[in-house]
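One file, structure38.cif, carrying mmCIF, C-alpha atoms:
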```
data_data
#
loop_
_atom_site.group_PDB
_atom_site.id
_atom_site.type_symbol
_atom_site.label_atom_id
_atom_site.label_comp_id
_atom_site.auth_asym_id
_atom_site.auth_seq_id
_atom_site.Cartn_x
_atom_site.Cartn_y
_atom_site.Cartn_z
ATOM 1 C CA MET A 1 -108.488 -31.712 9.606
ATOM 2 C CA ALA A 2 -106.860 -31.287 6.191
ATOM 3 C CA ASP A 3 -105.086 -28.149 7.386
ATOM 4 C CA ARG A 4 -103.780 -29.950 10.483
ATOM 5 C CA ASP A 5 -102.599 -32.915 8.388
ATOM 6 C CA SER A 6 -100.736 -30.596 6.034
ATOM 7 C CA LEU A 7 -98.578 -29.355 8.928
ATOM 8 C CA THR A 8 -96.683 -32.637 9.000
ATOM 9 C CA SER A 9 -95.679 -32.355 5.340
ATOM 10 C CA ARG A 10 -94.924 -28.663 5.127
ATOM 11 C CA THR A 11 -91.545 -27.378 3.924
ATOM 12 C CA LEU A 12 -89.814 -24.990 6.285
ATOM 13 C CA PRO A 13 -87.873 -22.003 4.887
ATOM 14 C CA PHE A 14 -84.368 -22.421 6.338
ATOM 15 C CA MET A 15 -82.013 -19.493 6.943
ATOM 16 C CA THR A 16 -78.711 -19.277 5.140
ATOM 17 C CA LEU A 17 -75.779 -18.077 7.215
ATOM 18 C CA SER A 18 -72.645 -16.549 5.741
ATOM 19 C CA ASP A 19 -69.333 -18.371 5.917
ATOM 20 C CA GLY A 20 -67.554 -15.113 6.763
ATOM 21 C CA SER A 21 -64.895 -15.577 4.102
ATOM 22 C CA GLU A 22 -63.179 -12.646 2.433
ATOM 23 C CA SER A 23 -65.217 -13.302 -0.707
ATOM 24 C CA SER A 24 -68.510 -13.175 1.212
ATOM 25 C CA LEU A 25 -70.508 -10.078 2.076
ATOM 26 C CA THR A 26 -69.644 -10.533 5.759
ATOM 27 C CA GLY A 27 -65.881 -10.769 5.463
ATOM 28 C CA PRO A 28 -63.726 -8.467 7.603
ATOM 29 C CA PRO A 29 -63.100 -4.969 6.270
ATOM 30 C CA PRO A 30 -59.689 -4.222 4.801
ATOM 31 C CA PRO A 31 -57.147 -2.806 7.262
ATOM 32 C CA LEU A 32 -56.773 0.929 7.682
ATOM 33 C CA SER A 33 -52.995 0.717 7.380
ATOM 34 C CA HIS A 34 -53.053 2.408 3.967
ATOM 35 C CA TYR A 35 -53.888 5.680 5.758
ATOM 36 C CA LEU A 36 -50.539 7.231 6.539
ATOM 37 C CA ASN A 37 -51.459 8.945 9.787
ATOM 38 C CA ALA A 38 -53.761 8.653 12.790
ATOM 39 C CA ASP A 39 -55.996 11.487 11.596
ATOM 40 C CA GLY A 40 -56.763 9.663 8.372
ATOM 41 C CA ARG A 41 -57.473 6.410 10.160
ATOM 42 C CA SER A 42 -59.702 8.024 12.768
ATOM 43 C CA MET A 43 -61.770 9.772 10.110
ATOM 44 C CA ALA A 44 -62.105 6.626 8.005
ATOM 45 C CA ARG A 45 -63.134 4.566 11.025
ATOM 46 C CA PHE A 46 -66.296 6.595 11.557
ATOM 47 C CA ALA A 47 -67.002 7.563 7.952
ATOM 48 C CA VAL A 48 -70.564 6.967 6.742
ATOM 49 C CA GLU A 49 -70.386 5.787 3.143
ATOM 50 C CA GLY A 50 -73.272 5.798 0.697
ATOM 51 C CA ASN A 51 -76.847 7.012 0.935
ATOM 52 C CA VAL A 52 -79.227 7.088 3.883
ATOM 53 C CA ILE A 53 -83.002 6.997 4.388
ATOM 54 C CA ILE A 54 -84.471 8.108 7.715
ATOM 55 C CA THR A 55 -88.133 7.428 8.430
ATOM 56 C CA GLY A 56 -89.659 9.947 10.786
ATOM 57 C CA GLY A 57 -86.857 12.048 9.362
ATOM 58 C CA ALA A 58 -88.635 15.395 9.683
ATOM 59 C CA GLY A 59 -88.972 15.054 13.444
ATOM 60 C CA THR A 60 -86.478 16.335 16.008
ATOM 61 C CA LEU A 61 -84.553 13.088 16.506
ATOM 62 C CA GLY A 62 -84.574 12.226 12.802
ATOM 63 C CA LEU A 63 -83.247 15.629 11.791
ATOM 64 C CA CYS A 64 -80.486 15.452 14.407
ATOM 65 C CA ALA A 65 -79.436 12.020 13.194
ATOM 66 C CA ALA A 66 -79.501 13.203 9.578
ATOM 67 C CA ARG A 67 -77.152 16.091 10.357
ATOM 68 C CA ALA A 68 -74.707 13.818 12.178
ATOM 69 C CA LEU A 69 -74.671 11.246 9.384
ATOM 70 C CA LEU A 70 -74.086 13.979 6.799
ATOM 71 C CA GLU A 71 -71.261 15.411 8.902
ATOM 72 C CA HIS A 72 -69.628 11.982 8.772
ATOM 73 C CA GLY A 73 -69.814 11.749 5.018
ATOM 74 C CA ALA A 74 -73.195 10.448 3.878
ATOM 75 C CA ALA A 75 -73.402 11.130 0.150
ATOM 76 C CA GLY A 76 -77.189 11.391 0.021
ATOM 77 C CA MET A 77 -79.972 11.765 2.547
ATOM 78 C CA CYS A 78 -83.698 11.225 2.063
ATOM 79 C CA LEU A 79 -86.053 12.031 4.921
ATOM 80 C CA TRP A 80 -89.332 10.106 4.948
ATOM 81 C CA ASP A 81 -92.211 11.419 7.009
ATOM 82 C CA LEU A 82 -95.902 12.232 6.812
ATOM 83 C CA GLU A 83 -96.691 15.023 4.365
ATOM 84 C CA SER A 84 -97.915 17.268 7.196
ATOM 85 C CA THR A 85 -94.683 16.822 9.166
ATOM 86 C CA VAL A 86 -92.537 17.386 6.089
ATOM 87 C CA ARG A 87 -94.374 20.668 5.466
ATOM 88 C CA SER A 88 -94.059 21.866 9.067
ATOM 89 C CA SER A 89 -90.317 21.037 9.072
ATOM 90 C CA GLN A 90 -89.589 22.431 5.626
ATOM 91 C CA ALA A 91 -87.357 25.230 6.927
ATOM 92 C CA GLU A 92 -85.188 22.772 8.880
ATOM 93 C CA ILE A 93 -84.951 20.430 5.894
ATOM 94 C CA LEU A 94 -83.904 23.270 3.589
ATOM 95 C CA LYS A 95 -81.303 24.387 6.123
ATOM 96 C CA LEU A 96 -79.922 20.861 6.201
ATOM 97 C CA ALA A 97 -79.596 20.849 2.415
ATOM 98 C CA GLN A 98 -77.922 24.276 2.437
ATOM 99 C CA ASP A 99 -75.419 23.222 5.108
ATOM 100 C CA PHE A 100 -74.331 20.174 3.062
ATOM 101 C CA PRO A 101 -74.254 21.344 -0.576
ATOM 102 C CA LYS A 102 -72.030 18.423 -1.638
ATOM 103 C CA SER A 103 -74.672 15.901 -0.532
ATOM 104 C CA ARG A 104 -78.098 15.282 -2.014
ATOM 105 C CA VAL A 105 -80.663 16.074 0.690
ATOM 106 C CA PHE A 106 -84.411 15.840 0.071
ATOM 107 C CA SER A 107 -87.641 14.586 1.620
ATOM 108 C CA ILE A 108 -90.567 12.418 0.540
ATOM 109 C CA GLY A 109 -93.983 12.175 2.136
ATOM 110 C CA VAL A 110 -94.365 8.534 3.199
ATOM 111 C CA ASP A 111 -96.862 6.673 5.358
ATOM 112 C CA VAL A 112 -94.840 3.786 6.803
ATOM 113 C CA THR A 113 -97.945 1.594 7.039
ATOM 114 C CA ASP A 114 -98.502 1.803 3.259
ATOM 115 C CA ALA A 115 -96.448 -0.897 1.523
ATOM 116 C CA GLU A 116 -97.207 0.460 -1.942
ATOM 117 C CA GLY A 117 -96.180 3.964 -0.931
ATOM 118 C CA ILE A 118 -92.954 2.627 0.583
ATOM 119 C CA ALA A 119 -92.134 0.819 -2.666
ATOM 120 C CA GLU A 120 -92.733 3.987 -4.683
ATOM 121 C CA ALA A 121 -90.598 6.068 -2.311
ATOM 122 C CA THR A 122 -87.795 3.489 -2.445
ATOM 123 C CA ALA A 123 -87.805 3.616 -6.240
ATOM 124 C CA ALA A 124 -87.746 7.425 -6.139
ATOM 125 C CA VAL A 125 -84.714 7.438 -3.834
ATOM 126 C CA VAL A 126 -82.853 5.022 -6.088
ATOM 127 C CA GLN A 127 -83.710 7.176 -9.101
ATOM 128 C CA HIS A 128 -82.291 10.287 -7.389
ATOM 129 C CA LEU A 129 -79.334 8.781 -5.533
ATOM 130 C CA GLY A 130 -78.540 5.615 -7.456
ATOM 131 C CA SER A 131 -78.435 3.304 -4.438
ATOM 132 C CA ILE A 132 -79.408 2.920 -0.779
ATOM 133 C CA GLU A 133 -76.922 1.772 1.861
ATOM 134 C CA HIS A 134 -78.475 2.682 5.216
ATOM 135 C CA LEU A 135 -81.931 2.902 6.782
ATOM 136 C CA PHE A 136 -82.901 4.379 10.143
ATOM 137 C CA CYS A 137 -86.495 3.808 11.288
ATOM 138 C CA PHE A 138 -87.419 6.688 13.588
ATOM 139 C CA ALA A 139 -91.098 6.842 12.596
ATOM 140 C CA GLY A 140 -93.384 6.041 15.509
ATOM 141 C CA ILE A 141 -96.295 7.170 17.638
ATOM 142 C CA VAL A 142 -96.953 7.184 21.386
ATOM 143 C CA GLY A 143 -100.314 6.571 23.032
ATOM 144 C CA CYS A 144 -100.925 6.664 26.790
ATOM 145 C CA VAL A 145 -104.186 4.883 27.564
ATOM 146 C CA HIS A 146 -105.185 2.608 30.434
ATOM 147 C CA ALA A 147 -105.329 -0.990 29.204
ATOM 148 C CA LEU A 148 -108.916 -1.433 30.409
ATOM 149 C CA GLU A 149 -109.991 1.610 28.393
ATOM 150 C CA MET A 150 -107.979 1.035 25.233
ATOM 151 C CA THR A 151 -109.956 0.488 22.046
ATOM 152 C CA GLU A 152 -109.088 -2.088 19.434
ATOM 153 C CA ALA A 153 -108.369 0.742 16.981
ATOM 154 C CA GLN A 154 -105.900 2.406 19.374
ATOM 155 C CA TRP A 155 -104.072 -0.876 19.956
ATOM 156 C CA ARG A 156 -103.871 -1.750 16.267
ATOM 157 C CA LYS A 157 -102.740 1.711 15.158
ATOM 158 C CA THR A 158 -99.820 1.812 17.593
ATOM 159 C CA LEU A 159 -98.540 -1.607 16.530
ATOM 160 C CA ASP A 160 -99.259 -0.883 12.870
ATOM 161 C CA VAL A 161 -97.120 2.275 12.820
ATOM 162 C CA ASN A 162 -94.359 1.297 15.228
ATOM 163 C CA THR A 163 -93.866 -2.394 14.476
ATOM 164 C CA THR A 164 -95.421 -3.208 11.119
ATOM 165 C CA GLY A 165 -94.236 0.106 9.680
ATOM 166 C CA SER A 166 -90.652 -0.617 10.717
ATOM 167 C CA PHE A 167 -90.819 -4.091 9.195
ATOM 168 C CA LEU A 168 -92.271 -2.887 5.892
ATOM 169 C CA CYS A 169 -89.588 -0.215 5.512
ATOM 170 C CA ALA A 170 -86.801 -2.604 6.520
ATOM 171 C CA GLN A 171 -88.042 -5.244 4.092
ATOM 172 C CA ALA A 172 -88.227 -2.801 1.181
ATOM 173 C CA ILE A 173 -84.743 -1.420 1.778
ATOM 174 C CA ALA A 174 -83.246 -4.865 2.390
ATOM 175 C CA LYS A 175 -84.610 -6.024 -0.978
ATOM 176 C CA GLN A 176 -83.012 -2.995 -2.618
ATOM 177 C CA ILE A 177 -79.648 -3.518 -0.907
ATOM 178 C CA LYS A 178 -79.648 -7.193 -1.891
ATOM 179 C CA GLU A 179 -80.505 -6.322 -5.492
ATOM 180 C CA GLN A 180 -77.651 -3.802 -5.642
ATOM 181 C CA GLY A 181 -75.161 -6.496 -4.661
ATOM 182 C CA ASN A 182 -72.456 -3.922 -3.962
ATOM 183 C CA GLY A 183 -71.375 -4.804 -0.448
ATOM 184 C CA GLY A 184 -74.464 -4.610 1.741
ATOM 185 C CA GLY A 185 -75.470 -1.940 4.206
ATOM 186 C CA SER A 186 -77.108 -1.347 7.558
ATOM 187 C CA ILE A 187 -80.611 -1.094 8.955
ATOM 188 C CA THR A 188 -81.170 0.483 12.353
ATOM 189 C CA LEU A 189 -84.554 0.185 14.034
ATOM 190 C CA ILE A 190 -85.587 2.494 16.864
ATOM 191 C CA ALA A 191 -86.829 0.530 19.847
ATOM 192 C CA SER A 192 -87.098 2.030 23.342
ATOM 193 C CA ILE A 193 -86.475 1.386 27.005
ATOM 194 C CA SER A 194 -90.234 0.733 26.888
ATOM 195 C CA GLY A 195 -89.374 -2.568 25.215
ATOM 196 C CA HIS A 196 -87.198 -3.564 28.181
ATOM 197 C CA SER A 197 -89.318 -2.612 31.177
ATOM 198 C CA VAL A 198 -92.740 -1.160 31.996
ATOM 199 C CA ASN A 199 -92.787 2.619 32.002
ATOM 200 C CA PHE A 200 -93.838 4.447 35.156
ATOM 201 C CA PRO A 201 -96.035 6.310 35.962
ATOM 202 C CA GLN A 202 -97.856 6.510 32.609
ATOM 203 C CA ALA A 203 -99.909 3.616 31.220
ATOM 204 C CA GLN A 204 -98.950 2.780 27.609
ATOM 205 C CA VAL A 205 -99.255 -0.945 27.046
ATOM 206 C CA ALA A 206 -99.546 -0.808 23.233
ATOM 207 C CA TYR A 207 -96.410 1.308 22.863
ATOM 208 C CA ASN A 208 -94.449 -0.945 25.209
ATOM 209 C CA VAL A 209 -95.481 -4.056 23.282
ATOM 210 C CA SER A 210 -94.699 -2.420 19.938
ATOM 211 C CA LYS A 211 -91.155 -1.599 21.053
ATOM 212 C CA ALA A 212 -90.523 -5.005 22.614
ATOM 213 C CA ALA A 213 -91.520 -6.413 19.241
ATOM 214 C CA ILE A 214 -88.957 -4.164 17.536
ATOM 215 C CA ILE A 215 -86.178 -5.661 19.670
ATOM 216 C CA SER A 216 -87.235 -9.168 18.609
ATOM 217 C CA LEU A 217 -87.662 -8.045 14.999
ATOM 218 C CA LYS A 218 -84.117 -6.683 15.001
ATOM 219 C CA SER A 219 -82.712 -10.026 16.127
ATOM 220 C CA SER A 220 -84.680 -12.039 13.583
ATOM 221 C CA LEU A 221 -83.713 -9.809 10.672
ATOM 222 C CA ALA A 222 -80.070 -9.712 11.788
ATOM 223 C CA ALA A 223 -80.016 -13.516 11.624
ATOM 224 C CA GLU A 224 -81.676 -13.735 8.204
ATOM 225 C CA TRP A 225 -80.065 -10.849 6.375
ATOM 226 C CA ALA A 226 -76.408 -10.973 7.419
ATOM 227 C CA VAL A 227 -75.709 -13.290 4.490
ATOM 228 C CA HIS A 228 -76.672 -10.377 2.220
ATOM 229 C CA GLY A 229 -74.201 -8.083 3.971
ATOM 230 C CA ILE A 230 -76.967 -6.295 5.856
ATOM 231 C CA ARG A 231 -76.380 -5.574 9.513
ATOM 232 C CA VAL A 232 -79.577 -5.022 11.522
ATOM 233 C CA ASN A 233 -79.428 -3.378 14.935
ATOM 234 C CA SER A 234 -81.665 -1.281 17.151
ATOM 235 C CA ILE A 235 -81.351 1.696 19.450
ATOM 236 C CA SER A 236 -83.378 1.867 22.676
ATOM 237 C CA PRO A 237 -83.532 5.510 23.738
ATOM 238 C CA GLY A 238 -84.667 6.570 27.152
ATOM 239 C CA TYR A 239 -86.898 9.594 27.624
ATOM 240 C CA MET A 240 -85.746 12.282 25.200
ATOM 241 C CA ASP A 241 -86.279 16.017 25.582
ATOM 242 C CA THR A 242 -88.482 16.583 22.539
ATOM 243 C CA ILE A 243 -91.930 18.076 21.918
ATOM 244 C CA LEU A 244 -93.461 14.665 22.709
ATOM 245 C CA ASN A 245 -92.438 15.086 26.354
ATOM 246 C CA ALA A 246 -93.007 18.836 26.653
ATOM 247 C CA GLY A 247 -95.816 20.659 28.441
ATOM 248 C CA GLU A 248 -97.286 21.266 31.876
ATOM 249 C CA GLY A 249 -99.801 19.384 34.020
ATOM 250 C CA SER A 250 -99.564 15.603 34.217
ATOM 251 C CA ILE A 251 -96.742 15.428 31.664
ATOM 252 C CA LYS A 252 -94.593 17.601 33.949
ATOM 253 C CA GLU A 253 -95.431 15.319 36.860
ATOM 254 C CA ALA A 254 -94.327 12.376 34.752
ATOM 255 C CA ARG A 255 -91.074 14.138 33.769
ATOM 256 C CA ASP A 256 -90.283 14.691 37.440
ATOM 257 C CA VAL A 257 -90.834 10.987 38.138
ATOM 258 C CA TRP A 258 -88.666 9.959 35.164
ATOM 259 C CA ALA A 259 -85.830 12.198 36.358
ATOM 260 C CA SER A 260 -86.097 10.931 39.935
ATOM 261 C CA ARG A 261 -85.729 7.323 38.740
ATOM 262 C CA ASN A 262 -82.742 8.002 36.463
ATOM 263 C CA PRO A 263 -79.174 7.883 37.845
ATOM 264 C CA MET A 264 -78.299 10.914 35.699
ATOM 265 C CA GLY A 265 -81.384 12.803 36.847
ATOM 266 C CA ARG A 266 -82.527 14.043 33.456
ATOM 267 C CA MET A 267 -83.912 13.218 30.011
ATOM 268 C CA GLY A 268 -81.655 12.810 27.032
ATOM 269 C CA ALA A 269 -80.921 15.694 24.689
ATOM 270 C CA PRO A 270 -81.787 14.937 21.038
ATOM 271 C CA GLY A 271 -78.139 14.972 19.919
ATOM 272 C CA GLU A 272 -77.199 12.272 22.390
ATOM 273 C CA LEU A 273 -78.381 9.564 19.995
ATOM 274 C CA ASP A 274 -76.221 10.831 17.129
ATOM 275 C CA GLY A 275 -73.006 9.046 18.086
ATOM 276 C CA VAL A 276 -74.704 5.646 18.174
ATOM 277 C CA CYS A 277 -76.288 6.313 14.770
ATOM 278 C CA VAL A 278 -72.886 7.117 13.273
ATOM 279 C CA LEU A 279 -71.338 4.068 14.930
ATOM 280 C CA LEU A 280 -73.932 1.675 13.506
ATOM 281 C CA ALA A 281 -73.679 3.093 9.974
ATOM 282 C CA SER A 282 -69.896 3.296 9.827
ATOM 283 C CA ARG A 283 -66.920 0.975 9.630
ATOM 284 C CA ALA A 284 -66.634 1.268 13.413
ATOM 285 C CA GLY A 285 -69.776 -0.858 13.649
ATOM 286 C CA SER A 286 -68.780 -3.415 11.017
ATOM 287 C CA TYR A 287 -69.052 -6.364 13.446
ATOM 288 C CA ILE A 288 -72.124 -5.097 15.318
ATOM 289 C CA ASN A 289 -75.136 -7.121 14.214
ATOM 290 C CA GLY A 290 -78.257 -8.028 16.162
ATOM 291 C CA ALA A 291 -77.405 -5.617 18.975
ATOM 292 C CA ASP A 292 -79.721 -3.316 20.888
ATOM 293 C CA MET A 293 -77.948 -0.161 22.021
ATOM 294 C CA VAL A 294 -79.589 1.230 25.168
ATOM 295 C CA VAL A 295 -79.077 5.003 25.464
ATOM 296 C CA ASP A 296 -80.997 6.017 28.575
ATOM 297 C CA GLY A 297 -78.696 7.598 31.164
ATOM 298 C CA GLY A 298 -78.990 4.434 33.218
ATOM 299 C CA ALA A 299 -82.778 4.418 33.597
ATOM 300 C CA THR A 300 -83.061 0.666 33.045
ATOM 301 C CA VAL A 301 -80.418 -0.330 35.594
ATOM 302 C CA PHE A 302 -83.080 -0.363 38.328
#
```
Starting from the file, give its structure as structure tokens.
Amino acid sequence: MADRDSLTSRTLPFMTLSDGSESSLTGPPPPLSHYLNADGRSMARFAVEGNVIITGGAGTLGLCAARALLEHGAAGMCLWDLESTVRSSQAEILKLAQDFPKSRVFSIGVDVTDAEGIAEATAAVVQHLGSIEHLFCFAGIVGCVHALEMTEAQWRKTLDVNTTGSFLCAQAIAKQIKEQGNGGGSITLIASISGHSVNFPQAQVAYNVSKAAIISLKSSLAAEWAVHGIRVNSISPGYMDTILNAGEGSIKEARDVWASRNPMGRMGAPGELDGVCVLLASRAGSYINGADMVVDGGATVF
């Protein structure tokens, strides 16, 4: 009864919204008129300024995004992933560093469900790069299990990695960006078309729920953190042509179904997410906040 009575006297934490003035962290960017020609303006419009962290960064999609962001000017790049994945992708990570000698490129083994490990990795990035301006949360797992057969452990692990892991990383980086006080930054969560509609033919209830939660998480954080100059958005990819969707047997049957239900008749190539990543981290996305960018070839139009 005491707990119920206390509800009527509790103090709610209210959000603070920015006033959007030029002196605020959400004011409009300065005009590009100081660039003398169209080439200069076009390059500045999509320039990625500052340093980037990518969770799940040693995977196919993370590495592709890292390369694109470096091509558009990222000064530093830290790839977070499980130690085993970092080791197996070491050649690709080294190649990335060699291709961009003017940028600081390195990796750290991070379990996104470990808040203490995330804090230590954040501190290490700041020590090496000086600041953090952008975060992309690609880390995630997929599990296809019939709902009637799913164990509690399978359910919890999927949500722990995909949803809680994204929140913990976003929270840690948002705290760092706020502490820096140098103009804000961006956080991009990776949702999925699975958060918009039920996948077919495979059964994957926990994954679908975890990605629907990411879309809601993105909106909530966008509302709370804009005042700190932090834009929070998400990307909802469709089926992507990576190792996760490779193989024969039932996975090939599923691929055929996915293609038959997509207006473009195919999965996405890994590089087809890169443009959206650059957009959300650059000046071109300066007024994009709380958005979910669906990149699926039209799969969700049906």
Fewer than 4 positions away in the same chain doesn't count, so skip those; otherwise give me all residues within 12 Å of region 149-153 of chain A, counting only C-alpha atoms, as a PyMOL selection string.
chain A and resi 143-145+157-160+203-207
Hey, what's within 7 Å of Cys169 (chain A) if we count all atoms listed in the file and toss same-chain stuff fewer than 4 positions away? As an MDAnalysis selection string, please?
chainID A and resid 112 118 165 173
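The nearest approach to His196 (chain A) among the residues A:Asn245, A:Thr300, A:Ser6, A:Gln176, with only C-alpha atoms taken into account, belongs to A:Thr300.
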Shortest interatomic distance to Leu135 (chain A) - which of A:Asn262, A:Thr122, A:Thr11, A:Ser186, counting only C-alpha atoms
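Of the candidates, the smallest distance to Leu135 (chain A) is held by A:Ser186.
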For the structure shown, which residues end up in the PyMOL selection byres ((chain A and resi 270-273) around 9)? Put them as a list in words, please?
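This file gives the following for the PyMOL selection byres ((chain A and resi 270-273) around 9): Thr60, Leu61, Cys64, Ala65, Ala68, Ile235, Pro237, Met240, Asp241, Thr242, Gly268, Ala269, Asp274, Gly275, Val276, Cys277 and Val295 of chain A.
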Expected selection from the PyMOL selection byres ((chain A and resi 227) around 12), given as JSON, numbers by chain
{"A": [15, 16, 17, 18, 19, 20, 21, 23, 24, 25, 26, 27, 174, 177, 178, 181, 183, 184, 185, 221, 222, 223, 224, 225, 226, 228, 229, 230, 231, 232, 289]}
Could you save those same residues with C-alpha atoms as a tab-separated table (two decimals), keeping the file's coordinate frame?
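In the end it all went to out31.tsv:
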```tsv
chain	number	residue	atom	x	y	z
A	15	MET	CA	-82.01	-19.49	6.94
A	16	THR	CA	-78.71	-19.28	5.14
A	17	LEU	CA	-75.78	-18.08	7.22
A	18	SER	CA	-72.64	-16.55	5.74
A	19	ASP	CA	-69.33	-18.37	5.92
A	20	GLY	CA	-67.55	-15.11	6.76
A	21	SER	CA	-64.90	-15.58	4.10
A	23	SER	CA	-65.22	-13.30	-0.71
A	24	SER	CA	-68.51	-13.18	1.21
A	25	LEU	CA	-70.51	-10.08	2.08
A	26	THR	CA	-69.64	-10.53	5.76
A	27	GLY	CA	-65.88	-10.77	5.46
A	174	ALA	CA	-83.25	-4.86	2.39
A	177	ILE	CA	-79.65	-3.52	-0.91
A	178	LYS	CA	-79.65	-7.19	-1.89
A	181	GLY	CA	-75.16	-6.50	-4.66
A	183	GLY	CA	-71.38	-4.80	-0.45
A	184	GLY	CA	-74.46	-4.61	1.74
A	185	GLY	CA	-75.47	-1.94	4.21
A	221	LEU	CA	-83.71	-9.81	10.67
A	222	ALA	CA	-80.07	-9.71	11.79
A	223	ALA	CA	-80.02	-13.52	11.62
A	224	GLU	CA	-81.68	-13.74	8.20
A	225	TRP	CA	-80.06	-10.85	6.38
A	226	ALA	CA	-76.41	-10.97	7.42
A	228	HIS	CA	-76.67	-10.38	2.22
A	229	GLY	CA	-74.20	-8.08	3.97
A	230	ILE	CA	-76.97	-6.30	5.86
A	231	ARG	CA	-76.38	-5.57	9.51
A	232	VAL	CA	-79.58	-5.02	11.52
A	289	ASN	CA	-75.14	-7.12	14.21
```
If you count only C-alpha atoms, which residues fall within 9 Å of Lys102 (chain A), apart from same-chain ones fewer than 2 positions away, as JSON, numbers by chain?
{"A": [75, 76, 97, 99, 100, 104]}
Using only C-alpha atoms, which of A:Gly56, A:Gly297, A:Gly117, A:Gly285 sits nearest Pro263 (chain A)?
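Under the stated criterion, the closest residue is A:Gly297.
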Which residues are near region 37-46 of chain A? Cut-off 8 Å, only C-alpha atoms, ignore same chain within fewer than 5 positions. Put them as an MDAnalysis selection string.
chainID A and resid 32 72 278:279 282:284
So that I can see what lies close to region 215-220 of chain A, please list as an mmCIF file with C-alpha atoms, in the frame of the given file the residues with an atom at most 12 Å from it, counting only C-alpha atoms and leaving out residues fewer than 2 positions away in the same chain.
```
data_model
loop_
_atom_site.group_PDB
_atom_site.id
_atom_site.type_symbol
_atom_site.label_atom_id
_atom_site.label_comp_id
_atom_site.auth_asym_id
_atom_site.auth_seq_id
_atom_site.Cartn_x
_atom_site.Cartn_y
_atom_site.Cartn_z
ATOM 1 C CA MET A 15 -82.013 -19.493 6.943
ATOM 2 C CA CYS A 137 -86.495 3.808 11.288
ATOM 3 C CA ASN A 162 -94.359 1.297 15.228
ATOM 4 C CA THR A 163 -93.866 -2.394 14.476
ATOM 5 C CA THR A 164 -95.421 -3.208 11.119
ATOM 6 C CA GLY A 165 -94.236 0.106 9.680
ATOM 7 C CA SER A 166 -90.652 -0.617 10.717
ATOM 8 C CA PHE A 167 -90.819 -4.091 9.195
ATOM 9 C CA LEU A 168 -92.271 -2.887 5.892
ATOM 10 C CA ALA A 170 -86.801 -2.604 6.520
ATOM 11 C CA GLN A 171 -88.042 -5.244 4.092
ATOM 12 C CA SER A 186 -77.108 -1.347 7.558
ATOM 13 C CA ILE A 187 -80.611 -1.094 8.955
ATOM 14 C CA THR A 188 -81.170 0.483 12.353
ATOM 15 C CA LEU A 189 -84.554 0.185 14.034
ATOM 16 C CA ILE A 190 -85.587 2.494 16.864
ATOM 17 C CA ALA A 191 -86.829 0.530 19.847
ATOM 18 C CA SER A 192 -87.098 2.030 23.342
ATOM 19 C CA ILE A 193 -86.475 1.386 27.005
ATOM 20 C CA SER A 194 -90.234 0.733 26.888
ATOM 21 C CA GLY A 195 -89.374 -2.568 25.215
ATOM 22 C CA HIS A 196 -87.198 -3.564 28.181
ATOM 23 C CA ASN A 208 -94.449 -0.945 25.209
ATOM 24 C CA VAL A 209 -95.481 -4.056 23.282
ATOM 25 C CA SER A 210 -94.699 -2.420 19.938
ATOM 26 C CA LYS A 211 -91.155 -1.599 21.053
ATOM 27 C CA ALA A 212 -90.523 -5.005 22.614
ATOM 28 C CA ALA A 213 -91.520 -6.413 19.241
ATOM 29 C CA ALA A 222 -80.070 -9.712 11.788
ATOM 30 C CA ALA A 223 -80.016 -13.516 11.624
ATOM 31 C CA GLU A 224 -81.676 -13.735 8.204
ATOM 32 C CA TRP A 225 -80.065 -10.849 6.375
ATOM 33 C CA ALA A 226 -76.408 -10.973 7.419
ATOM 34 C CA ILE A 230 -76.967 -6.295 5.856
ATOM 35 C CA ARG A 231 -76.380 -5.574 9.513
ATOM 36 C CA VAL A 232 -79.577 -5.022 11.522
ATOM 37 C CA ASN A 233 -79.428 -3.378 14.935
ATOM 38 C CA SER A 234 -81.665 -1.281 17.151
ATOM 39 C CA ILE A 235 -81.351 1.696 19.450
ATOM 40 C CA SER A 236 -83.378 1.867 22.676
ATOM 41 C CA ILE A 288 -72.124 -5.097 15.318
ATOM 42 C CA ASN A 289 -75.136 -7.121 14.214
ATOM 43 C CA GLY A 290 -78.257 -8.028 16.162
ATOM 44 C CA ALA A 291 -77.405 -5.617 18.975
ATOM 45 C CA ASP A 292 -79.721 -3.316 20.888
ATOM 46 C CA MET A 293 -77.948 -0.161 22.021
ATOM 47 C CA VAL A 294 -79.589 1.230 25.168
#
```
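Interatomic distance, CA of Arg156 (chain A) to CA of Asp111 (chain A): 15.5 Å.
Across the structure, CA of Ser286 (chain A) and CA of Phe106 (chain A) are spaced 27.1 Å apart.
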With N, CA and C atoms as the target, complete region 59-63 of chain A and hand it back as a PDB file, keeping the file's coordinate frame.
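Contents of the output file rebuild_3.pdb:
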```pdb
ATOM      1  N   GLY A  59     -88.820  14.786  12.025  1.00  0.00           N
ATOM      2  CA  GLY A  59     -88.972  15.054  13.444  1.00  0.00           C
ATOM      3  C   GLY A  59     -87.640  15.453  14.073  1.00  0.00           C
ATOM      4  N   THR A  60     -87.676  15.831  15.322  1.00  0.00           N
ATOM      5  CA  THR A  60     -86.478  16.335  16.008  1.00  0.00           C
ATOM      6  C   THR A  60     -85.338  15.321  15.995  1.00  0.00           C
ATOM      7  N   LEU A  61     -85.609  14.095  16.420  1.00  0.00           N
ATOM      8  CA  LEU A  61     -84.553  13.088  16.506  1.00  0.00           C
ATOM      9  C   LEU A  61     -84.055  12.693  15.127  1.00  0.00           C
ATOM     10  N   GLY A  62     -84.969  12.581  14.160  1.00  0.00           N
ATOM     11  CA  GLY A  62     -84.574  12.226  12.802  1.00  0.00           C
ATOM     12  C   GLY A  62     -83.697  13.280  12.163  1.00  0.00           C
ATOM     13  N   LEU A  63     -84.041  14.545  12.356  1.00  0.00           N
ATOM     14  CA  LEU A  63     -83.247  15.629  11.791  1.00  0.00           C
ATOM     15  C   LEU A  63     -81.862  15.698  12.428  1.00  0.00           C
TER      16      LEU A  63
END
```
